[in-house]
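Some notes on the structure that comes next.
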Amino acid sequence: MQNSIVLPLLLTLFAGLATVLGSLIAFLSSHTNRRLLSFSLGLSAGVMIFVSFVELYAEAQATLMASAGEKAGMWMTIASFFGGMLLIGIIDKLVPSYENPHEARALEDMKASTTKDGKLMRMGVLTSLAIAIHNFPEGIATFMAAVENPTLGIAIAVAIAIHNIPEGIAVSVPVYFATGDKRKAFWISFLSGIAEPAGALIAYLFLMPFMSPFLMGCVFAMVAGIMVFISLDELLPAAHEYGEYHVAIYGLIAGMGIMAVSLVLLL
């Protein structure tokens, strides 16, 4: 817990502002590289799932068993893990499906459909708000993991950054077509990504002062639940929607393999 908070904050900023990269892609590209996007989303899911079960859940269980006893610690780990899933599930449920940034659409399809829609600005703003709501708990997750283990935090930040790129596209396209203003679309995308480091600051201000091994164990289990939910509910289905399911699975396996090897090499 003595690690500097500078790196964790920078990591959450990096992950959140990947939405800006998505907006730049939207401005510069005319079509979606479906294979690359499917592989990247699968890679992100592989990193998140492997880290969640091999590192975060295992560490949470060991910490809680040491703090509360073997059986009680195991039950607390299970409750926290599914509590994290419940939290992100409720957030996801509150976002209307039309504005949900995790509804996968190809860039060219979005551009074609937006030219026929008279409510583009509303769609862009609501999408930006939806992404901000989703990014908030992700920022907490990245920050808390990086405070305890910077190497783990880097892996999680990269995985979340990859999955934030399509979200930046989802914000920028409707705003740009509504206003014709690339700068406005860029800044709205930027603001949606800022929710990630905002979540980190909330974690620092309100969680860190009360942090104990017991609370850290609960937080780690909740983070694991959040990331598994994101992977299964958002990343893999999105990769499938892009029509490259097998490529996404190859990315999933590659992400797990990269994470497994890196954890050994960085011991």
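We name chains A, B, ... following the order of the structure tokens; residues begin at 1 in each chain, and ligands are numbered from 1 as shown.
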
If you count only C-alpha atoms, which residues fall within 12 Å of Ala58 (chain A), apart from same-chain ones fewer than 4 positions away, as an mmCIF file with N, CA and C atoms, in the first residue's frame?
data_model
loop_
_atom_site.group_PDB
_atom_site.id
_atom_site.type_symbol
_atom_site.label_atom_id
_atom_site.label_comp_id
_atom_site.auth_asym_id
_atom_site.auth_seq_id
_atom_site.Cartn_x
_atom_site.Cartn_y
_atom_site.Cartn_z
ATOM 1 N N PHE A 50 -8.314 -13.739 -17.287
ATOM 2 C CA PHE A 50 -7.181 -14.429 -16.663
ATOM 3 C C PHE A 50 -6.749 -13.718 -15.384
ATOM 4 N N VAL A 51 -6.620 -12.399 -15.472
ATOM 5 C CA VAL A 51 -6.206 -11.620 -14.302
ATOM 6 C C VAL A 51 -7.228 -11.750 -13.170
ATOM 7 N N SER A 52 -8.497 -11.741 -13.542
ATOM 8 C CA SER A 52 -9.559 -11.785 -12.524
ATOM 9 C C SER A 52 -9.502 -13.068 -11.713
ATOM 10 N N PHE A 53 -9.376 -14.195 -12.386
ATOM 11 C CA PHE A 53 -9.428 -15.473 -11.681
ATOM 12 C C PHE A 53 -8.074 -15.902 -11.099
ATOM 13 N N VAL A 54 -6.992 -15.641 -11.840
ATOM 14 C CA VAL A 54 -5.681 -16.121 -11.400
ATOM 15 C C VAL A 54 -5.049 -15.197 -10.362
ATOM 16 N N ALA A 62 -7.251 -15.207 -0.429
ATOM 17 C CA ALA A 62 -6.186 -15.408 0.547
ATOM 18 C C ALA A 62 -6.219 -14.320 1.620
ATOM 19 N N THR A 63 -6.440 -13.074 1.191
ATOM 20 C CA THR A 63 -6.481 -11.947 2.136
ATOM 21 C C THR A 63 -7.665 -12.064 3.089
ATOM 22 N N LEU A 64 -8.830 -12.385 2.556
ATOM 23 C CA LEU A 64 -10.036 -12.465 3.386
ATOM 24 C C LEU A 64 -10.011 -13.681 4.304
ATOM 25 N N MET A 65 -9.428 -14.775 3.849
ATOM 26 C CA MET A 65 -9.298 -15.942 4.717
ATOM 27 C C MET A 65 -8.366 -15.652 5.888
ATOM 28 N N GLY A 73 -13.917 -16.261 5.117
ATOM 29 C CA GLY A 73 -13.183 -15.562 4.074
ATOM 30 C C GLY A 73 -13.599 -16.019 2.688
ATOM 31 N N MET A 74 -13.830 -17.319 2.533
ATOM 32 C CA MET A 74 -14.278 -17.831 1.242
ATOM 33 C C MET A 74 -15.659 -17.296 0.883
ATOM 34 N N THR A 77 -15.397 -13.657 -0.125
ATOM 35 C CA THR A 77 -14.853 -13.532 -1.478
ATOM 36 C C THR A 77 -15.940 -13.763 -2.519
ATOM 37 N N ILE A 78 -16.724 -14.812 -2.320
ATOM 38 C CA ILE A 78 -17.818 -15.112 -3.249
ATOM 39 C C ILE A 78 -18.822 -13.965 -3.287
ATOM 40 N N PHE A 81 -17.310 -10.939 -5.074
ATOM 41 C CA PHE A 81 -17.161 -11.198 -6.508
ATOM 42 C C PHE A 81 -18.496 -10.989 -7.234
ATOM 43 N N GLY A 217 -9.282 -6.919 0.261
ATOM 44 C CA GLY A 217 -9.720 -8.214 -0.247
ATOM 45 C C GLY A 217 -11.096 -8.131 -0.880
ATOM 46 N N CYS A 218 -12.006 -7.421 -0.224
ATOM 47 C CA CYS A 218 -13.362 -7.250 -0.771
ATOM 48 C C CYS A 218 -13.325 -6.482 -2.090
ATOM 49 N N PHE A 220 -10.805 -6.211 -4.222
ATOM 50 C CA PHE A 220 -10.203 -7.026 -5.274
ATOM 51 C C PHE A 220 -11.195 -8.037 -5.837
ATOM 52 N N ALA A 221 -11.983 -8.659 -4.966
ATOM 53 C CA ALA A 221 -12.982 -9.623 -5.439
ATOM 54 C C ALA A 221 -14.050 -8.914 -6.270
ATOM 55 N N ALA A 224 -12.642 -8.155 -9.661
ATOM 56 C CA ALA A 224 -12.644 -9.371 -10.475
ATOM 57 C C ALA A 224 -14.029 -9.614 -11.072
#

Please provide as a short mmCIF file (atom, residue, chain, number, x, y, z; two decimals) with N, CA and C atoms, in the first residue's frame all residues within 10 Å of Leu10 (chain A), with the sequence filter that same-chain residues fewer than 3 positions apart are discarded (counting only C-alpha atoms).
data_model
loop_
_atom_site.label_atom_id
_atom_site.label_comp_id
_atom_site.auth_asym_id
_atom_site.auth_seq_id
_atom_site.Cartn_x
_atom_site.Cartn_y
_atom_site.Cartn_z
N ILE A 5 0.75 6.89 -5.74
CA ILE A 5 -0.53 6.90 -6.45
C ILE A 5 -0.40 7.54 -7.83
N VAL A 6 0.78 8.08 -8.14
CA VAL A 6 0.95 8.76 -9.43
C VAL A 6 0.76 7.79 -10.59
N LEU A 7 1.43 6.64 -10.54
CA LEU A 7 1.29 5.66 -11.61
C LEU A 7 -0.14 5.16 -11.74
N LEU A 13 -5.93 7.41 -16.36
CA LEU A 13 -6.05 8.47 -17.37
C LEU A 13 -5.81 7.90 -18.76
N PHE A 14 -4.77 7.08 -18.89
CA PHE A 14 -4.45 6.43 -20.16
C PHE A 14 -5.62 5.56 -20.65
N ALA A 15 -6.17 4.75 -19.74
CA ALA A 15 -7.27 3.86 -20.12
C ALA A 15 -8.50 4.66 -20.54
N GLY A 16 -8.83 5.70 -19.78
CA GLY A 16 -10.01 6.48 -20.08
C GLY A 16 -9.91 7.24 -21.39
N PHE A 143 -7.43 1.65 -10.71
CA PHE A 143 -6.66 2.35 -9.68
C PHE A 143 -6.32 1.43 -8.51
N ILE A 154 -1.03 -2.15 -14.87
CA ILE A 154 -0.69 -1.85 -16.27
C ILE A 154 -1.47 -2.78 -17.21
N ALA A 157 -5.11 -1.76 -17.25
CA ALA A 157 -5.29 -0.48 -17.95
C ALA A 157 -5.24 -0.67 -19.46
N PRO A 197 -10.38 8.41 -14.80
CA PRO A 197 -9.57 8.96 -13.71
C PRO A 197 -10.41 9.58 -12.60
N ALA A 200 -10.95 6.95 -10.26
CA ALA A 200 -9.72 6.72 -9.50
C ALA A 200 -9.59 7.72 -8.36
#

Q) Separation of CA of Phe210 (chain A) and CA of Ala60 (chain A), in Å? A) 17.0 Å

Q. Suppose you want the space between CA of Ala130 (chain A) and CA of Met216 (chain A); what is it in Å?
A. 27.7 Å

Q: Quick one: everything within 12 Å of Lys184 (chain A), counting only C-alpha atoms, minus sequence neighbours fewer than 4 positions away in the same chain. Send it as JSON, numbers by chain.
A: {"A": [20, 23, 121, 124, 125, 171, 172, 173, 174, 175, 176, 177, 178, 179, 180, 188, 189, 190, 191]}
